[in-house]
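*Asks:* To be precise about what I am sending: the file is called final.cif and holds mmCIF, N, CA and C atoms.
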data_protein
#
loop_
_atom_site.group_PDB
_atom_site.id
_atom_site.type_symbol
_atom_site.label_atom_id
_atom_site.label_comp_id
_atom_site.auth_asym_id
_atom_site.auth_seq_id
_atom_site.Cartn_x
_atom_site.Cartn_y
_atom_site.Cartn_z
ATOM 1 N N MET Q 948 63.930 98.582 111.865
ATOM 2 C CA MET Q 948 64.226 99.175 110.579
ATOM 3 C C MET Q 948 65.741 99.342 110.430
ATOM 4 N N LYS Q 949 66.260 98.930 109.294
ATOM 5 C CA LYS Q 949 67.690 98.969 109.043
ATOM 6 C C LYS Q 949 68.136 100.390 108.707
ATOM 7 N N GLU Q 950 69.214 100.834 109.361
ATOM 8 C CA GLU Q 950 69.748 102.164 109.114
ATOM 9 C C GLU Q 950 70.631 102.135 107.871
ATOM 10 N N ARG Q 951 70.507 103.140 107.022
ATOM 11 C CA ARG Q 951 71.317 103.216 105.814
ATOM 12 C C ARG Q 951 72.574 104.030 106.073
ATOM 13 N N VAL Q 952 73.659 103.613 105.503
ATOM 14 C CA VAL Q 952 74.924 104.319 105.611
ATOM 15 C C VAL Q 952 74.973 105.368 104.500
ATOM 16 N N ARG Q 953 75.353 106.583 104.866
ATOM 17 C CA ARG Q 953 75.463 107.648 103.864
ATOM 18 C C ARG Q 953 76.601 107.335 102.895
ATOM 19 N N LEU Q 954 76.446 107.720 101.639
ATOM 20 C CA LEU Q 954 77.472 107.448 100.633
ATOM 21 C C LEU Q 954 78.811 108.055 101.029
ATOM 22 N N ASN Q 955 78.810 109.234 101.621
ATOM 23 C CA ASN Q 955 80.066 109.881 102.026
ATOM 24 C C ASN Q 955 80.797 109.104 103.109
ATOM 25 N N ASP Q 956 80.085 108.272 103.857
ATOM 26 C CA ASP Q 956 80.691 107.534 104.962
ATOM 27 C C ASP Q 956 81.164 106.141 104.571
ATOM 28 N N LYS Q 957 80.872 105.703 103.363
ATOM 29 C CA LYS Q 957 81.243 104.361 102.931
ATOM 30 C C LYS Q 957 82.670 104.365 102.378
ATOM 31 N N PRO Q 958 83.478 103.353 102.701
ATOM 32 C CA PRO Q 958 84.839 103.292 102.156
ATOM 33 C C PRO Q 958 84.883 102.831 100.700
ATOM 34 N N THR Q 959 83.892 102.052 100.285
ATOM 35 C CA THR Q 959 83.802 101.608 98.894
ATOM 36 C C THR Q 959 82.397 101.886 98.382
ATOM 37 N N LEU Q 960 82.308 102.080 97.075
ATOM 38 C CA LEU Q 960 81.033 102.394 96.436
ATOM 39 C C LEU Q 960 80.825 101.483 95.239
ATOM 40 N N THR Q 961 79.592 101.127 94.979
ATOM 41 C CA THR Q 961 79.282 100.431 93.733
ATOM 42 C C THR Q 961 79.395 101.438 92.590
ATOM 43 N N ILE Q 962 79.409 100.940 91.381
ATOM 44 C CA ILE Q 962 79.442 101.831 90.211
ATOM 45 C C ILE Q 962 78.253 102.780 90.250
ATOM 46 N N GLU Q 963 77.088 102.253 90.586
ATOM 47 C CA GLU Q 963 75.869 103.073 90.629
ATOM 48 C C GLU Q 963 75.964 104.156 91.700
ATOM 49 N N GLU Q 964 76.473 103.805 92.881
ATOM 50 C CA GLU Q 964 76.620 104.780 93.958
ATOM 51 C C GLU Q 964 77.642 105.854 93.604
ATOM 52 N N ALA Q 965 78.765 105.436 93.012
ATOM 53 C CA ALA Q 965 79.803 106.394 92.625
ATOM 54 C C ALA Q 965 79.279 107.341 91.547
ATOM 55 N N ALA Q 966 78.509 106.820 90.613
ATOM 56 C CA ALA Q 966 77.929 107.670 89.564
ATOM 57 C C ALA Q 966 77.028 108.730 90.184
ATOM 58 N N GLU Q 967 76.243 108.334 91.162
ATOM 59 C CA GLU Q 967 75.345 109.276 91.829
ATOM 60 C C GLU Q 967 76.126 110.310 92.638
ATOM 61 N N LEU Q 968 77.108 109.861 93.400
ATOM 62 C CA LEU Q 968 77.856 110.751 94.282
ATOM 63 C C LEU Q 968 78.715 111.745 93.507
ATOM 64 N N TYR Q 969 79.364 111.293 92.429
ATOM 65 C CA TYR Q 969 80.308 112.133 91.701
ATOM 66 C C TYR Q 969 79.723 112.767 90.435
ATOM 67 N N SER Q 970 78.482 112.461 90.121
ATOM 68 C CA SER Q 970 77.841 112.967 88.899
ATOM 69 C C SER Q 970 78.639 112.601 87.655
ATOM 70 N N ILE Q 971 79.067 111.352 87.608
ATOM 71 C CA ILE Q 971 79.787 110.794 86.464
ATOM 72 C C ILE Q 971 78.965 109.607 85.980
ATOM 73 N N GLY Q 972 78.857 109.448 84.694
ATOM 74 C CA GLY Q 972 78.063 108.358 84.141
ATOM 75 C C GLY Q 972 78.611 106.983 84.482
ATOM 76 N N GLN Q 973 77.712 106.034 84.601
ATOM 77 C CA GLN Q 973 78.106 104.661 84.908
ATOM 78 C C GLN Q 973 79.000 104.076 83.822
ATOM 79 N N HIS Q 974 78.725 104.405 82.565
ATOM 80 C CA HIS Q 974 79.543 103.892 81.461
ATOM 81 C C HIS Q 974 80.970 104.425 81.566
ATOM 82 N N LYS Q 975 81.116 105.695 81.908
ATOM 83 C CA LYS Q 975 82.440 106.291 82.063
ATOM 84 C C LYS Q 975 83.192 105.637 83.215
ATOM 85 N N LEU Q 976 82.507 105.407 84.334
ATOM 86 C CA LEU Q 976 83.143 104.747 85.472
ATOM 87 C C LEU Q 976 83.561 103.324 85.131
ATOM 88 N N ARG Q 977 82.723 102.612 84.394
ATOM 89 C CA ARG Q 977 83.089 101.249 83.987
ATOM 90 C C ARG Q 977 84.323 101.281 83.083
ATOM 91 N N ALA Q 978 84.377 102.249 82.183
ATOM 92 C CA ALA Q 978 85.536 102.377 81.291
ATOM 93 C C ALA Q 978 86.801 102.700 82.092
ATOM 94 N N LEU Q 979 86.701 103.588 83.060
ATOM 95 C CA LEU Q 979 87.855 103.929 83.892
ATOM 96 C C LEU Q 979 88.342 102.717 84.684
ATOM 97 N N THR Q 980 87.424 101.923 85.202
ATOM 98 C CA THR Q 980 87.808 100.772 86.022
ATOM 99 C C THR Q 980 88.253 99.575 85.191
ATOM 100 N N ASP Q 981 88.046 99.607 83.874
ATOM 101 C CA ASP Q 981 88.526 98.528 83.004
ATOM 102 C C ASP Q 981 90.025 98.634 82.748
ATOM 103 N N ASP Q 982 90.617 99.792 83.001
ATOM 104 C CA ASP Q 982 92.052 100.006 82.799
ATOM 105 C C ASP Q 982 92.831 99.147 83.799
ATOM 106 N N SER Q 983 93.825 98.420 83.309
ATOM 107 C CA SER Q 983 94.599 97.534 84.188
ATOM 108 C C SER Q 983 95.431 98.309 85.213
ATOM 109 N N ASN Q 984 95.700 99.593 84.970
ATOM 110 C CA ASN Q 984 96.462 100.421 85.910
ATOM 111 C C ASN Q 984 95.576 101.141 86.918
ATOM 112 N N CYS Q 985 94.301 100.863 86.914
ATOM 113 C CA CYS Q 985 93.355 101.538 87.800
ATOM 114 C C CYS Q 985 93.610 101.105 89.245
ATOM 115 N N ASN Q 986 93.959 102.078 90.106
ATOM 116 C CA ASN Q 986 94.270 101.735 91.496
ATOM 117 C C ASN Q 986 93.088 101.959 92.436
ATOM 118 N N PHE Q 987 91.946 102.392 91.907
ATOM 119 C CA PHE Q 987 90.804 102.659 92.778
ATOM 120 C C PHE Q 987 89.670 101.659 92.603
ATOM 121 N N VAL Q 988 89.950 100.533 91.948
ATOM 122 C CA VAL Q 988 88.924 99.506 91.793
ATOM 123 C C VAL Q 988 89.246 98.317 92.699
ATOM 124 N N LEU Q 989 88.217 97.744 93.284
ATOM 125 C CA LEU Q 989 88.335 96.556 94.117
ATOM 126 C C LEU Q 989 87.335 95.541 93.586
ATOM 127 N N PHE Q 990 87.817 94.356 93.246
ATOM 128 C CA PHE Q 990 86.936 93.306 92.770
ATOM 129 C C PHE Q 990 86.514 92.428 93.934
ATOM 130 N N VAL Q 991 85.227 92.232 94.071
ATOM 131 C CA VAL Q 991 84.658 91.297 95.036
ATOM 132 C C VAL Q 991 83.902 90.285 94.182
ATOM 133 N N GLY Q 992 84.580 89.182 93.889
ATOM 134 C CA GLY Q 992 84.035 88.254 92.899
ATOM 135 C C GLY Q 992 84.032 88.952 91.547
ATOM 136 N N ARG Q 993 82.869 89.036 90.922
ATOM 137 C CA ARG Q 993 82.737 89.741 89.636
ATOM 138 C C ARG Q 993 82.328 91.194 89.817
ATOM 139 N N LYS Q 994 81.988 91.551 91.029
ATOM 140 C CA LYS Q 994 81.496 92.897 91.321
ATOM 141 C C LYS Q 994 82.659 93.884 91.461
ATOM 142 N N LYS Q 995 82.517 95.047 90.828
ATOM 143 C CA LYS Q 995 83.512 96.113 90.932
ATOM 144 C C LYS Q 995 83.057 97.114 91.974
ATOM 145 N N LEU Q 996 83.958 97.443 92.871
ATOM 146 C CA LEU Q 996 83.701 98.505 93.836
ATOM 147 C C LEU Q 996 84.749 99.591 93.639
ATOM 148 N N ILE Q 997 84.361 100.820 93.886
ATOM 149 C CA ILE Q 997 85.260 101.969 93.783
ATOM 150 C C ILE Q 997 85.773 102.282 95.180
ATOM 151 N N LYS Q 998 87.104 102.295 95.344
ATOM 152 C CA LYS Q 998 87.701 102.700 96.614
ATOM 153 C C LYS Q 998 87.593 104.220 96.685
ATOM 154 N N LYS Q 999 86.777 104.697 97.591
ATOM 155 C CA LYS Q 999 86.411 106.104 97.629
ATOM 156 C C LYS Q 999 87.616 107.026 97.842
ATOM 157 N N ARG Q 1000 88.480 106.728 98.802
ATOM 158 C CA ARG Q 1000 89.621 107.608 99.085
ATOM 159 C C ARG Q 1000 90.550 107.703 97.872
ATOM 160 N N GLN Q 1001 90.863 106.568 97.253
ATOM 161 C CA GLN Q 1001 91.739 106.571 96.082
ATOM 162 C C GLN Q 1001 91.077 107.279 94.908
ATOM 163 N N PHE Q 1002 89.766 107.121 94.761
ATOM 164 C CA PHE Q 1002 89.069 107.799 93.671
ATOM 165 C C PHE Q 1002 89.034 109.304 93.909
ATOM 166 N N ASP Q 1003 88.861 109.721 95.155
ATOM 167 C CA ASP Q 1003 88.920 111.148 95.488
ATOM 168 C C ASP Q 1003 90.276 111.739 95.088
ATOM 169 N N GLU Q 1004 91.351 111.004 95.369
ATOM 170 C CA GLU Q 1004 92.697 111.458 94.998
ATOM 171 C C GLU Q 1004 92.847 111.526 93.478
ATOM 172 N N TYR Q 1005 92.329 110.521 92.789
ATOM 173 C CA TYR Q 1005 92.384 110.498 91.321
ATOM 174 C C TYR Q 1005 91.655 111.710 90.739
ATOM 175 N N ILE Q 1006 90.465 111.980 91.243
ATOM 176 C CA ILE Q 1006 89.669 113.107 90.763
ATOM 177 C C ILE Q 1006 90.375 114.427 91.050
ATOM 178 N N ALA Q 1007 90.986 114.550 92.215
ATOM 179 C CA ALA Q 1007 91.673 115.791 92.599
ATOM 180 C C ALA Q 1007 92.833 116.103 91.655
ATOM 181 N N LYS Q 1008 93.492 115.080 91.127
ATOM 182 C CA LYS Q 1008 94.643 115.272 90.236
ATOM 183 C C LYS Q 1008 94.249 115.410 88.770
ATOM 184 N N ALA Q 1009 93.059 114.961 88.413
ATOM 185 C CA ALA Q 1009 92.649 114.903 87.005
ATOM 186 C C ALA Q 1009 92.203 116.271 86.495
ATOM 187 N N TYR Q 1010 92.559 116.556 85.268
ATOM 188 C CA TYR Q 1010 92.073 117.753 84.595
ATOM 189 C C TYR Q 1010 90.759 117.448 83.887
ATOM 190 N N SER Q 1011 90.694 116.272 83.297
ATOM 191 C CA SER Q 1011 89.454 115.814 82.644
ATOM 192 C C SER Q 1011 89.470 114.295 82.642
ATOM 193 N N ILE Q 1012 88.266 113.739 82.496
ATOM 194 C CA ILE Q 1012 88.175 112.275 82.400
ATOM 195 C C ILE Q 1012 87.283 111.913 81.244
#
Rewrite the structure from the file as structure tokens, please.
*Replies:*
Amino acid sequence: MKERVRLNDKPTLTIEEAAELYSIGQHKLRALTDDSNCNFVLFVGRKKLIKKRQFDEYIAKAYSI
């Protein structure tokens, strides 16, 4: 049986995983990652991943999103 990695232990998250972990809607996350100045997005082909450490820093500095 394959062991699952906890979301908190992953260095990158899919949009769906980030939405679940941070309680932010998928549409909002997609809009945030569409910004060309977004430093917490990683493209793997067409797939967007959220760099967890950079997103944590972004959230810590943000007043609202």
*Asks:* Take the PyMOL selection byres (((chain Q and resi 978-982 and name CA) around 12) and name CA), run it mentally on this structure, and tell me the resulting residues as a list in words.
*Replies:*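 What the PyMOL selection byres (((chain Q and resi 978-982 and name CA) around 12) and name CA) grabs from the file is Thr961, Ile962, Ala965, Ile971, Gly972, Gln973, His974, Lys975, Leu976, Arg977, Ser983, Asn984, Cys985, Asn986, Phe987, Val988, Leu989, Phe990, Lys994, Lys995, Leu996, Ile997, Lys998, Phe1002, Tyr1005, Ile1006 and Ile1012 of chain Q.
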*Asks:* Would you give the centre and edge lengths, in Å to one decimal, of a box along x, y and z around the listed atoms of stretch 951-967 of chain Q, with 5 Å added to each side, as lines of an AutoDock Vina configuration file?
*Replies:*
center_x = 77.7
center_y = 105.4
center_z = 98.3
size_x = 24.4
size_y = 19.9
size_z = 27.5
*Asks:* Pick out each residue of stretch 967-997 of chain Q that DSSP on the backbone tags as alpha helix (DSSP H); I need them as a ChimeraX atom specification.
*Replies:* /Q:967-969,973-981
*Asks:* Pull N, CA and C atoms from the residues just selected and write them as a PDB file, keeping the file's coordinate frame.
*Replies:*
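Produced file result.pdb, reproduced below:
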ATOM      1  N   GLU Q 967      76.243 108.334  91.162  1.00  0.00           N
ATOM      2  CA  GLU Q 967      75.345 109.276  91.829  1.00  0.00           C
ATOM      3  C   GLU Q 967      76.126 110.310  92.638  1.00  0.00           C
ATOM      4  N   LEU Q 968      77.108 109.861  93.400  1.00  0.00           N
ATOM      5  CA  LEU Q 968      77.856 110.751  94.282  1.00  0.00           C
ATOM      6  C   LEU Q 968      78.715 111.745  93.507  1.00  0.00           C
ATOM      7  N   TYR Q 969      79.364 111.293  92.429  1.00  0.00           N
ATOM      8  CA  TYR Q 969      80.308 112.133  91.701  1.00  0.00           C
ATOM      9  C   TYR Q 969      79.723 112.767  90.435  1.00  0.00           C
ATOM     10  N   GLN Q 973      77.712 106.034  84.601  1.00  0.00           N
ATOM     11  CA  GLN Q 973      78.106 104.661  84.908  1.00  0.00           C
ATOM     12  C   GLN Q 973      79.000 104.076  83.822  1.00  0.00           C
ATOM     13  N   HIS Q 974      78.725 104.405  82.565  1.00  0.00           N
ATOM     14  CA  HIS Q 974      79.543 103.892  81.461  1.00  0.00           C
ATOM     15  C   HIS Q 974      80.970 104.425  81.566  1.00  0.00           C
ATOM     16  N   LYS Q 975      81.116 105.695  81.908  1.00  0.00           N
ATOM     17  CA  LYS Q 975      82.440 106.291  82.063  1.00  0.00           C
ATOM     18  C   LYS Q 975      83.192 105.637  83.215  1.00  0.00           C
ATOM     19  N   LEU Q 976      82.507 105.407  84.334  1.00  0.00           N
ATOM     20  CA  LEU Q 976      83.143 104.747  85.472  1.00  0.00           C
ATOM     21  C   LEU Q 976      83.561 103.324  85.131  1.00  0.00           C
ATOM     22  N   ARG Q 977      82.723 102.612  84.394  1.00  0.00           N
ATOM     23  CA  ARG Q 977      83.089 101.249  83.987  1.00  0.00           C
ATOM     24  C   ARG Q 977      84.323 101.281  83.083  1.00  0.00           C
ATOM     25  N   ALA Q 978      84.377 102.249  82.183  1.00  0.00           N
ATOM     26  CA  ALA Q 978      85.536 102.377  81.291  1.00  0.00           C
ATOM     27  C   ALA Q 978      86.801 102.700  82.092  1.00  0.00           C
ATOM     28  N   LEU Q 979      86.701 103.588  83.060  1.00  0.00           N
ATOM     29  CA  LEU Q 979      87.855 103.929  83.892  1.00  0.00           C
ATOM     30  C   LEU Q 979      88.342 102.717  84.684  1.00  0.00           C
ATOM     31  N   THR Q 980      87.424 101.923  85.202  1.00  0.00           N
ATOM     32  CA  THR Q 980      87.808 100.772  86.022  1.00  0.00           C
ATOM     33  C   THR Q 980      88.253  99.575  85.191  1.00  0.00           C
ATOM     34  N   ASP Q 981      88.046  99.607  83.874  1.00  0.00           N
ATOM     35  CA  ASP Q 981      88.526  98.528  83.004  1.00  0.00           C
ATOM     36  C   ASP Q 981      90.025  98.634  82.748  1.00  0.00           C
TER      37      ASP Q 981
END
*Asks:* Between atom N of Q:Ala966 and atom CA of Q:Ser1011, what is the spacing in Å?
*Replies:* 16.3 Å
*Asks:* Would you work out the distance separating atom CA of Q:Tyr969 from atom C of Q:Met948, expressed in Å to one decimal?
*Replies:*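 Going from atom CA of Q:Tyr969 over to atom C of Q:Met948 covers 27.0 Å.
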*Asks:* List the neighbours of Q:Lys999 out to 7 Å using only N, CA and C atoms; skip same-chain residues closer than 6 positions along the sequence, and give me the result as a list in words.
*Replies:* Lys957, Pro958, Thr959, Leu960 and Phe987 of chain Q
*Asks:* Just give me the gap between atom N of Q:Gly992 and atom N of Q:Ala1007 in Å, one decimal is fine.
*Replies:*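 Going from atom N of Q:Gly992 over to atom N of Q:Ala1007, I get 26.2 Å.
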